[in-house]
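Peer 1: Next comes the structure file my_file22.pdb, holding PDB, C-alpha atoms.
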ATOM      1  CA  MET A   1      74.143-137.167 -16.943
ATOM      2  CA  THR A   2      71.617-134.497 -16.002
ATOM      3  CA  VAL A   3      68.141-135.704 -15.198
ATOM      4  CA  ASN A   4      65.080-133.671 -16.019
ATOM      5  CA  SER A   5      64.068-130.041 -15.985
ATOM      6  CA  MET A   6      62.168-128.210 -18.625
ATOM      7  CA  ASP A   7      64.170-125.184 -17.477
ATOM      8  CA  GLU A   8      67.376-126.770 -18.767
ATOM      9  CA  ILE A   9      65.741-127.406 -22.137
ATOM     10  CA  ILE A  10      64.526-123.813 -22.317
ATOM     11  CA  GLN A  11      68.038-122.628 -21.537
ATOM     12  CA  ALA A  12      69.453-124.855 -24.291
ATOM     13  CA  ILE A  13      66.946-123.532 -26.816
ATOM     14  CA  THR A  14      67.705-119.961 -25.796
ATOM     15  CA  THR A  15      71.454-120.540 -26.129
ATOM     16  CA  HIS A  16      71.797-122.595 -29.315
ATOM     17  CA  GLN A  17      70.860-122.105 -32.964
ATOM     18  CA  ASN A  18      71.164-125.418 -34.883
ATOM     19  CA  TYR A  19      69.131-128.526 -34.088
ATOM     20  CA  CYS A  20      68.700-132.100 -35.236
ATOM     21  CA  ILE A  21      65.506-133.925 -34.220
ATOM     22  CA  SER A  22      64.894-137.672 -34.366
ATOM     23  CA  THR A  23      62.547-140.234 -32.883
ATOM     24  CA  HIS A  24      62.321-143.991 -32.456
ATOM     25  CA  THR A  25      62.510-146.677 -35.125
ATOM     26  CA  ASN A  26      59.241-147.627 -36.850
ATOM     27  CA  PRO A  27      57.750-144.270 -35.815
ATOM     28  CA  ASP A  28      54.106-144.006 -34.809
ATOM     29  CA  GLY A  29      51.739-141.049 -34.731
ATOM     30  CA  ASP A  30      53.042-139.527 -31.519
ATOM     31  CA  ALA A  31      56.649-139.934 -32.638
ATOM     32  CA  ILE A  32      56.074-138.124 -35.943
ATOM     33  CA  GLY A  33      53.647-135.590 -34.480
ATOM     34  CA  SER A  34      55.926-134.548 -31.628
ATOM     35  CA  GLN A  35      59.014-134.499 -33.854
ATOM     36  CA  LEU A  36      57.367-132.243 -36.424
ATOM     37  CA  GLY A  37      55.652-130.141 -33.773
ATOM     38  CA  LEU A  38      58.981-129.422 -32.088
ATOM     39  CA  ALA A  39      60.568-128.583 -35.456
ATOM     40  CA  HIS A  40      57.857-126.055 -36.326
ATOM     41  CA  MET A  41      58.121-124.564 -32.860
ATOM     42  CA  LEU A  42      61.903-124.126 -33.056
ATOM     43  CA  GLU A  43      61.690-122.659 -36.533
ATOM     44  CA  GLY A  44      59.107-120.211 -35.214
ATOM     45  CA  LEU A  45      61.875-119.013 -32.905
ATOM     46  CA  GLY A  46      64.224-118.534 -35.863
ATOM     47  CA  LYS A  47      66.222-121.728 -35.282
ATOM     48  CA  SER A  48      67.649-124.073 -37.934
ATOM     49  CA  VAL A  49      66.341-127.650 -37.850
ATOM     50  CA  ILE A  50      67.262-130.947 -39.530
ATOM     51  CA  LEU A  51      64.815-133.860 -39.235
ATOM     52  CA  VAL A  52      66.155-137.403 -39.529
ATOM     53  CA  ASN A  53      64.805-140.872 -38.666
ATOM     54  CA  ARG A  54      66.129-144.351 -39.230
ATOM     55  CA  ASP A  55      62.878-145.591 -40.770
ATOM     56  CA  PRO A  56      60.490-144.001 -43.276
ATOM     57  CA  THR A  57      57.446-142.031 -42.195
ATOM     58  CA  PRO A  58      54.352-144.280 -42.355
ATOM     59  CA  ARG A  59      52.046-143.378 -45.233
ATOM     60  CA  ILE A  60      49.158-142.330 -42.990
ATOM     61  CA  TYR A  61      51.258-139.559 -41.403
ATOM     62  CA  ARG A  62      52.733-138.117 -44.573
ATOM     63  CA  PHE A  63      49.934-135.548 -44.721
ATOM     64  CA  LEU A  64      51.400-133.747 -41.722
ATOM     65  CA  PRO A  65      53.126-130.438 -42.505
ATOM     66  CA  GLY A  66      56.868-131.003 -42.819
ATOM     67  CA  ALA A  67      56.732-134.792 -43.079
ATOM     68  CA  ASP A  68      58.381-134.634 -46.494
ATOM     69  CA  ARG A  69      61.428-133.019 -44.880
ATOM     70  CA  ILE A  70      62.295-136.013 -42.692
ATOM     71  CA  LEU A  71      65.516-137.549 -43.970
ATOM     72  CA  GLN A  72      66.700-141.114 -43.720
ATOM     73  CA  PRO A  73      70.204-141.641 -42.297
ATOM     74  CA  ALA A  74      72.867-140.410 -44.675
ATOM     75  CA  ASP A  75      76.288-141.951 -45.220
ATOM     76  CA  GLY A  76      77.922-138.803 -43.887
ATOM     77  CA  ARG A  77      77.695-137.228 -40.453
ATOM     78  CA  LEU A  78      75.220-134.578 -39.362
ATOM     79  CA  SER A  79      76.373-131.639 -37.254
ATOM     80  CA  CYS A  80      74.273-129.533 -34.900
ATOM     81  CA  ASP A  81      74.403-127.765 -31.573
ATOM     82  CA  VAL A  82      71.609-129.805 -29.983
ATOM     83  CA  PHE A  83      70.305-133.283 -30.848
ATOM     84  CA  PHE A  84      66.695-133.803 -29.696
ATOM     85  CA  ILE A  85      65.487-137.411 -29.372
ATOM     86  CA  ILE A  86      61.716-137.418 -28.947
ATOM     87  CA  ASP A  87      59.325-140.138 -27.717
ATOM     88  CA  CYS A  88      62.178-142.600 -27.306
ATOM     89  CA  SER A  89      62.924-144.551 -24.126
ATOM     90  CA  ASP A  90      66.462-145.685 -24.906
ATOM     91  CA  GLN A  91      69.318-144.931 -27.264
ATOM     92  CA  ALA A  92      69.052-148.196 -29.187
ATOM     93  CA  ARG A  93      65.508-147.342 -30.241
ATOM     94  CA  VAL A  94      66.792-144.328 -32.159
ATOM     95  CA  GLY A  95      69.023-146.665 -34.156
ATOM     96  CA  ASN A  96      72.624-146.914 -33.015
ATOM     97  CA  GLU A  97      74.046-145.978 -36.409
ATOM     98  CA  LEU A  98      71.871-142.881 -36.618
ATOM     99  CA  PHE A  99      72.670-141.845 -33.055
ATOM    100  CA  SER A 100      76.409-142.130 -33.618
ATOM    101  CA  SER A 101      76.215-140.241 -36.932
ATOM    102  CA  VAL A 102      75.044-137.019 -35.288
ATOM    103  CA  GLN A 103      77.797-134.736 -33.995
ATOM    104  CA  CYS A 104      76.440-132.353 -31.385
ATOM    105  CA  ARG A 105      77.272-130.433 -28.244
ATOM    106  CA  LEU A 106      74.234-131.599 -26.302
ATOM    107  CA  THR A 107      71.642-134.382 -26.418
ATOM    108  CA  ILE A 108      68.115-133.852 -25.094
ATOM    109  CA  ASN A 109      65.502-136.564 -24.579
ATOM    110  CA  ILE A 110      61.802-135.684 -24.258
ATOM    111  CA  ASP A 111      59.634-138.705 -23.515
ATOM    112  CA  HIS A 112      56.644-139.997 -21.562
ATOM    113  CA  HIS A 113      57.468-143.709 -21.266
ATOM    114  CA  ILE A 114      57.854-145.036 -17.735
ATOM    115  CA  THR A 115      60.682-147.328 -18.886
ATOM    116  CA  ASN A 116      62.868-144.458 -20.107
ATOM    117  CA  GLN A 117      66.575-145.097 -19.460
ATOM    118  CA  GLN A 118      67.667-141.454 -19.068
ATOM    119  CA  PHE A 119      70.301-141.783 -21.788
ATOM    120  CA  ALA A 120      70.750-138.146 -22.889
ATOM    121  CA  ASP A 121      72.586-135.192 -21.376
ATOM    122  CA  ILE A 122      69.238-133.651 -20.451
ATOM    123  CA  ASN A 123      66.212-135.909 -19.902
ATOM    124  CA  TRP A 124      62.677-134.607 -19.496
ATOM    125  CA  VAL A 125      60.556-137.677 -18.843
ATOM    126  CA  ASP A 126      56.963-137.311 -17.678
ATOM    127  CA  LYS A 127      55.201-140.638 -17.251
ATOM    128  CA  HIS A 128      51.963-138.806 -16.412
ATOM    129  CA  SER A 129      51.710-137.197 -19.851
ATOM    130  CA  SER A 130      49.526-138.898 -22.430
ATOM    131  CA  SER A 131      52.109-138.415 -25.140
ATOM    132  CA  SER A 132      55.292-136.661 -26.132
ATOM    133  CA  SER A 133      53.145-134.336 -28.237
ATOM    134  CA  GLU A 134      51.371-133.136 -25.088
ATOM    135  CA  MET A 135      54.790-132.387 -23.565
ATOM    136  CA  ILE A 136      55.878-130.399 -26.631
ATOM    137  CA  TYR A 137      52.739-128.282 -26.322
ATOM    138  CA  ARG A 138      53.588-127.535 -22.698
ATOM    139  CA  LEU A 139      57.119-126.611 -23.754
ATOM    140  CA  ALA A 140      55.720-124.210 -26.350
ATOM    141  CA  GLY A 141      53.708-122.518 -23.616
ATOM    142  CA  ARG A 142      56.750-122.076 -21.409
ATOM    143  CA  LEU A 143      58.703-120.637 -24.341
ATOM    144  CA  HIS A 144      55.839-118.255 -25.167
ATOM    145  CA  VAL A 145      56.101-119.276 -28.807
ATOM    146  CA  LYS A 146      53.091-118.877 -31.080
ATOM    147  CA  VAL A 147      51.667-122.263 -32.043
ATOM    148  CA  SER A 148      50.930-122.216 -35.773
ATOM    149  CA  PRO A 149      48.095-124.217 -37.385
ATOM    150  CA  GLU A 150      50.790-126.548 -38.787
ATOM    151  CA  THR A 151      52.225-127.151 -35.318
ATOM    152  CA  ALA A 152      48.732-127.639 -33.898
ATOM    153  CA  ASP A 153      47.879-130.291 -36.504
ATOM    154  CA  CYS A 154      51.056-132.232 -35.716
ATOM    155  CA  LEU A 155      50.623-132.150 -31.939
ATOM    156  CA  TYR A 156      46.888-132.918 -32.138
ATOM    157  CA  THR A 157      47.666-135.977 -34.266
ATOM    158  CA  GLY A 158      50.263-137.233 -31.788
ATOM    159  CA  ILE A 159      47.881-136.908 -28.846
ATOM    160  CA  PHE A 160      45.007-138.391 -30.864
ATOM    161  CA  MET A 161      47.002-141.515 -31.679
ATOM    162  CA  ASP A 162      48.637-142.081 -28.286
ATOM    163  CA  THR A 163      45.294-141.867 -26.497
ATOM    164  CA  GLY A 164      43.752-144.402 -28.890
ATOM    165  CA  SER A 165      41.571-141.706 -30.446
ATOM    166  CA  PHE A 166      40.689-140.506 -26.927
ATOM    167  CA  ARG A 167      39.481-143.966 -25.856
ATOM    168  CA  GLN A 168      42.251-144.930 -23.431
ATOM    169  CA  SER A 169      42.624-144.190 -19.736
ATOM    170  CA  ASN A 170      45.314-141.568 -20.429
ATOM    171  CA  THR A 171      42.583-139.322 -21.890
ATOM    172  CA  THR A 172      42.504-136.962 -18.927
ATOM    173  CA  SER A 173      40.824-133.598 -18.500
ATOM    174  CA  ILE A 174      44.222-132.017 -19.173
ATOM    175  CA  VAL A 175      44.422-133.889 -22.485
ATOM    176  CA  LEU A 176      40.975-132.730 -23.535
ATOM    177  CA  LYS A 177      41.769-129.136 -22.603
ATOM    178  CA  THR A 178      45.026-129.394 -24.557
ATOM    179  CA  VAL A 179      43.375-130.665 -27.738
ATOM    180  CA  ALA A 180      40.665-128.017 -27.394
ATOM    181  CA  ASP A 181      43.430-125.413 -27.337
ATOM    182  CA  LEU A 182      45.050-127.007 -30.379
ATOM    183  CA  VAL A 183      41.778-126.934 -32.311
ATOM    184  CA  GLU A 184      41.401-123.252 -31.496
ATOM    185  CA  LEU A 185      44.954-122.764 -32.760
ATOM    186  CA  GLY A 186      44.135-124.394 -36.086
ATOM    187  CA  ALA A 187      44.231-128.176 -35.724
ATOM    188  CA  ASN A 188      41.639-129.861 -37.933
ATOM    189  CA  PRO A 189      40.203-132.974 -36.187
ATOM    190  CA  SER A 190      38.028-134.104 -39.098
ATOM    191  CA  ARG A 191      40.943-133.938 -41.533
ATOM    192  CA  VAL A 192      43.221-135.838 -39.154
ATOM    193  CA  ALA A 193      40.619-138.592 -38.696
ATOM    194  CA  HIS A 194      40.020-138.747 -42.452
ATOM    195  CA  GLU A 195      43.722-139.059 -43.288
ATOM    196  CA  ILE A 196      44.336-141.755 -40.690
ATOM    197  CA  TYR A 197      41.181-143.866 -40.878
ATOM    198  CA  GLU A 198      39.578-143.222 -44.250
ATOM    199  CA  LYS A 199      42.422-143.533 -46.757
ATOM    200  CA  GLN A 200      43.359-147.163 -46.269
ATOM    201  CA  SER A 201      44.769-149.255 -49.083
ATOM    202  CA  PRO A 202      43.005-152.431 -50.293
ATOM    203  CA  GLY A 203      46.116-154.380 -49.308
ATOM    204  CA  ARG A 204      45.868-153.196 -45.713
ATOM    205  CA  LEU A 205      42.269-154.376 -45.427
ATOM    206  CA  ARG A 206      43.169-157.731 -46.954
ATOM    207  CA  LEU A 207      45.993-158.035 -44.437
ATOM    208  CA  LEU A 208      43.642-157.146 -41.587
ATOM    209  CA  ALA A 209      41.243-159.876 -42.727
ATOM    210  CA  ARG A 210      44.019-162.466 -42.592
ATOM    211  CA  VAL A 211      45.225-161.243 -39.210
ATOM    212  CA  LEU A 212      41.777-161.292 -37.600
ATOM    213  CA  ASN A 213      41.068-164.703 -39.071
ATOM    214  CA  ALA A 214      43.978-166.017 -36.986
ATOM    215  CA  LEU A 215      42.711-164.431 -33.742
ATOM    216  CA  GLU A 216      43.343-166.513 -30.622
ATOM    217  CA  LEU A 217      41.820-166.196 -27.160
ATOM    218  CA  ARG A 218      43.832-167.507 -24.223
ATOM    219  CA  LEU A 219      43.745-167.383 -20.430
ATOM    220  CA  GLU A 220      39.985-167.923 -20.227
ATOM    221  CA  GLY A 221      39.389-165.064 -22.657
ATOM    222  CA  LYS A 222      41.461-162.503 -20.757
ATOM    223  CA  MET A 223      44.226-162.454 -23.357
ATOM    224  CA  ALA A 224      43.708-162.089 -27.107
ATOM    225  CA  LEU A 225      46.452-162.286 -29.665
ATOM    226  CA  VAL A 226      46.903-161.921 -33.393
ATOM    227  CA  SER A 227      49.932-162.645 -35.546
ATOM    228  CA  VAL A 228      51.420-161.167 -38.685
ATOM    229  CA  THR A 229      53.762-163.385 -40.705
ATOM    230  CA  ARG A 230      56.093-162.483 -43.538
ATOM    231  CA  ASP A 231      53.910-164.638 -45.802
ATOM    232  CA  MET A 232      50.929-162.390 -44.972
ATOM    233  CA  PHE A 233      52.876-159.286 -45.963
ATOM    234  CA  ASN A 234      53.999-160.913 -49.208
ATOM    235  CA  ALA A 235      50.517-162.161 -50.113
ATOM    236  CA  THR A 236      48.878-158.758 -49.618
ATOM    237  CA  GLY A 237      51.681-156.522 -50.873
ATOM    238  CA  THR A 238      51.870-154.704 -47.538
ATOM    239  CA  THR A 239      54.599-153.646 -45.133
ATOM    240  CA  VAL A 240      54.996-153.117 -41.416
ATOM    241  CA  GLU A 241      53.559-149.589 -41.661
ATOM    242  CA  ASP A 242      50.200-151.123 -42.640
ATOM    243  CA  ILE A 243      49.687-152.842 -39.279
ATOM    244  CA  GLU A 244      49.420-149.770 -37.069
ATOM    245  CA  GLU A 245      46.363-150.019 -34.789
ATOM    246  CA  PHE A 246      45.904-153.749 -35.546
ATOM    247  CA  VAL A 247      46.760-154.568 -31.920
ATOM    248  CA  ASN A 248      43.727-152.596 -30.753
ATOM    249  CA  TYR A 249      41.195-154.847 -32.486
ATOM    250  CA  PRO A 250      41.635-157.790 -30.063
ATOM    251  CA  ARG A 251      41.432-155.414 -27.098
ATOM    252  CA  SER A 252      37.911-154.463 -28.177
ATOM    253  CA  ILE A 253      36.642-157.949 -27.277
ATOM    254  CA  GLU A 254      34.575-158.013 -24.103
ATOM    255  CA  GLY A 255      36.492-159.531 -21.200
ATOM    256  CA  VAL A 256      39.946-159.130 -22.737
ATOM    257  CA  LYS A 257      42.471-157.556 -20.362
ATOM    258  CA  VAL A 258      45.550-157.772 -22.599
ATOM    259  CA  SER A 259      45.817-157.862 -26.380
ATOM    260  CA  ALA A 260      48.966-158.748 -28.272
ATOM    261  CA  LEU A 261      50.187-158.505 -31.834
ATOM    262  CA  LEU A 262      53.137-160.719 -32.744
ATOM    263  CA  ARG A 263      55.053-159.946 -35.930
ATOM    264  CA  GLU A 264      57.684-162.105 -37.597
ATOM    265  CA  GLU A 265      60.900-160.255 -38.330
ATOM    266  CA  PRO A 266      63.743-161.546 -40.493
ATOM    267  CA  VAL A 267      66.510-160.813 -37.977
ATOM    268  CA  ARG A 268      65.318-160.092 -34.451
ATOM    269  CA  GLY A 269      62.776-162.884 -34.063
ATOM    270  CA  ILE A 270      59.241-161.911 -32.999
ATOM    271  CA  LYS A 271      58.195-158.324 -32.317
ATOM    272  CA  VAL A 272      55.487-158.171 -29.658
ATOM    273  CA  SER A 273      53.146-155.201 -29.209
ATOM    274  CA  LEU A 274      50.912-155.189 -26.125
ATOM    275  CA  ARG A 275      47.839-153.189 -25.177
ATOM    276  CA  SER A 276      45.877-153.446 -21.937
ATOM    277  CA  ARG A 277      42.878-152.097 -20.093
ATOM    278  CA  ASP A 278      42.719-150.025 -16.923
ATOM    279  CA  SER A 279      45.512-150.729 -14.404
ATOM    280  CA  THR A 280      46.969-153.793 -16.131
ATOM    281  CA  ASP A 281      50.620-152.778 -16.508
ATOM    282  CA  VAL A 282      52.044-154.311 -19.670
ATOM    283  CA  ALA A 283      55.170-152.132 -19.414
ATOM    284  CA  SER A 284      56.300-154.405 -16.566
ATOM    285  CA  VAL A 285      56.102-157.393 -18.910
ATOM    286  CA  ALA A 286      57.963-155.557 -21.651
ATOM    287  CA  SER A 287      60.772-154.618 -19.271
ATOM    288  CA  GLU A 288      61.293-158.293 -18.391
ATOM    289  CA  PHE A 289      62.086-158.926 -22.060
ATOM    290  CA  GLY A 290      64.306-155.868 -22.486
ATOM    291  CA  GLY A 291      61.576-153.718 -24.022
ATOM    292  CA  GLY A 292      59.629-150.728 -22.806
ATOM    293  CA  GLY A 293      56.564-148.561 -23.058
ATOM    294  CA  HIS A 294      53.937-147.360 -20.647
ATOM    295  CA  GLN A 295      51.213-148.941 -18.563
ATOM    296  CA  ASN A 296      48.675-149.667 -21.295
ATOM    297  CA  ALA A 297      50.970-149.905 -24.330
ATOM    298  CA  ALA A 298      54.372-151.555 -24.584
ATOM    299  CA  GLY A 299      56.566-153.625 -26.864
ATOM    300  CA  PHE A 300      59.595-155.911 -27.018
ATOM    301  CA  TYR A 301      61.234-158.755 -28.950
ATOM    302  CA  ILE A 302      61.245-162.502 -28.277
ATOM    303  CA  ASN A 303      63.795-164.790 -29.875
ATOM    304  CA  GLY A 304      62.578-167.960 -31.559
ATOM    305  CA  ASN A 305      59.607-168.924 -33.683
ATOM    306  CA  LEU A 306      56.055-167.650 -33.572
ATOM    307  CA  GLU A 307      54.458-170.524 -31.656
ATOM    308  CA  ASP A 308      57.161-170.537 -28.977
ATOM    309  CA  ALA A 309      56.776-166.778 -28.633
ATOM    310  CA  LYS A 310      53.008-167.154 -28.082
ATOM    311  CA  ASP A 311      53.553-169.698 -25.303
ATOM    312  CA  CYS A 312      56.255-167.576 -23.678
ATOM    313  CA  LEU A 313      54.017-164.522 -23.805
ATOM    314  CA  GLU A 314      51.041-166.414 -22.391
ATOM    315  CA  LYS A 315      53.116-167.452 -19.384
ATOM    316  CA  ALA A 316      54.210-163.859 -18.739
ATOM    317  CA  ILE A 317      50.678-162.471 -19.090
ATOM    318  CA  ARG A 318      49.257-165.171 -16.813
ATOM    319  CA  GLN A 319      51.712-164.119 -14.114
ATOM    320  CA  LEU A 320      50.887-160.450 -14.650
ATOM    321  CA  LEU A 321      47.139-161.022 -14.335
ATOM    322  CA  ASN A 322      47.591-163.159 -11.235
ATOM    323  CA  GLU A 323      49.685-160.406  -9.636
ATOM    324  CA  THR A 324      47.130-157.760 -10.623
ATOM    325  CA  GLN A 325      44.294-159.719  -9.028
ATOM    326  CA  SER A 326      46.166-160.521  -5.817
TER     327      SER A 326
END
Let me see the structure of the file written as C-alpha cells.

Peer 2:
Amino acid sequence: MTVNSMDEIIQAITTHQNYCISTHTNPDGDAIGSQLGLAHMLEGLGKSVILVNRDPTPRIYRFLPGADRILQPADGRLSCDVFFIIDCSDQARVGNELFSSVQCRLTINIDHHITNQQFADINWVDKHSSSSSEMIYRLAGRLHVKVSPETADCLYTGIFMDTGSFRQSNTTSIVLKTVADLVELGANPSRVAHEIYEKQSPGRLRLLARVLNALELRLEGKMALVSVTRDMFNATGTTVEDIEEFVNYPRSIEGVKVSALLREEPVRGIKVSLRSRDSTDVASVASEFGGGGHQNAAGFYINGNLEDAKDCLEKAIRQLLNETQS
C-alpha cells in the first residue's frame, strides 16, 4: 500500500485513460461535488470517465452539471484503468458490493477525514483541507487543467456544504481564496444557495417540524439531540435525503457544544451524526464506535433501540467534554 503523494496521482492521470469515480454511501454535498468536479476535470484532459455510487444522488444536488450521469451499481462488472474513491474514509463506506464490482489496475483515495484508513493503492489524505472538493481544486492547479464553469459550480458546492455554508471553523483564508477563484471561474453562489436552501419540499418541512419538536437538551445544555424515526418518514412521505443539515439546527442553540441526530435504520440499528463547536473533537467519539469523520463532523452506528442509543451517546459525549475541559 502506497501512502500519499499528489505526485503519484498526477503520474497515474498522465499514464492512464479510463476512470471510474465513486464516493461514500448516502452522499452529501462534498461527496457529489468533488466526484463531479474530478470527472469534469479528467474529461477536460481527454479522459474517459464512468460515475457510479451505491446510493442515489440527493435531490438538492441534482442540479449540478453531470449529476444525471451518476449510475447506481449494475449487476455486471465495471472495468477501468483507475478507480477513484473520493471523500471516503474506508472501503466499507463505498459499499462492499460496489467496490468489488469494479475491475481496475489501480485504486486512488482522495479524502480529508482524519479517520481515513488508507485503504487504496494510492492515498492522498489531507486532514487540514476543508473538503475533498478543495483538494480536487488543488489537484486541478497542479495538473494545469482549465477549470470550467461546470467544474467550478461542483467544487464550490462541495466546499460550501462541508464548511456549513462558511460558518464552521474550517472556513480558513485558504478556503475563502479558493471559493473566490471558483466564482471567478464561473461558479454561481446565488444559484447554489437557491438550489440547496430555497427549493425544499413541503414534506421536508413537515419532517423538520416533527424532528425539532422532539429536541432534547442533555449534559446541562451542552449536548442537544434530535431523532428521526421510520414513522416520521412514513407520516411525511420523506426519505433519508430530506434530513441533510437537520443536525445543524441543535448546534445553533447557545451553549451547545455537541449536537446529534439519531436516525432509525431497518438493519444497522441507529445512525448517529455528530456536529461540534471549536476544538470539541467528535471524530474521536465516532472512532470508538467504528465510525469516522473529522473534528467537527462525524458519524457512526449504534446497535439497539433509539432510547438506549441516546443514553450510550450521552455517556460518550460526557466523557469527551470532561476530557476537553481537563

Peer 1: Sorted by chain and rising residue number, list the residues of region 19-71 of chain A at most 9 Å from region 98-118 of chain A (counting only C-alpha atoms), each with its closest atom pair and distance in Å to one decimal, as CSV.

Peer 2:
residue,atom,partner,partner_atom,distance
A:Tyr19,CA,A:Cys104,CA,8.7
A:Cys20,CA,A:Val102,CA,8.0
A:Ser22,CA,A:Phe99,CA,8.9
A:Val52,CA,A:Leu98,CA,8.4
A:Asn53,CA,A:Leu98,CA,7.6
A:Arg54,CA,A:Leu98,CA,6.5

Peer 1: Place a sphere of radius 9 Å on (55.6, -157.1, -32.6) in the file coordinates and name every protein, DNA or RNA residue with an atom inside or on its surface, counting all atoms listed in the file; give the answer as JSON, numbers by chain.

Peer 2: {"A": [227, 228, 260, 261, 262, 263, 264, 265, 270, 271, 272, 273, 274, 299, 300, 301, 302]}

Peer 1: Just checking: using all atoms listed in the file, which residue out of A:Phe63, A:Gly293, A:Met41, A:Val175 ends up closest to Cys88 (chain A)?

Peer 2: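 Residue with the minimum atom-to-atom distance to Cys88 (chain A): A:Gly293.
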
Peer 1: Report the residues retrieved by the PyMOL selection byres ((chain A and resi 314) around 10) from the displayed file, expressed as a PyMOL selection string.

Peer 2: chain A and resi 218-219+223-225+260+308-313+315-320

Peer 1: Could you tell me which of A:Lys222, A:Ser169, A:Ala298, A:Asp121 comes closest to Asn322 (chain A) if we count only C-alpha atoms?

Peer 2: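 Going through A:Lys222, A:Ser169, A:Ala298, A:Asp121 one by one, the smallest distance to Asn322 (chain A) is for A:Lys222.
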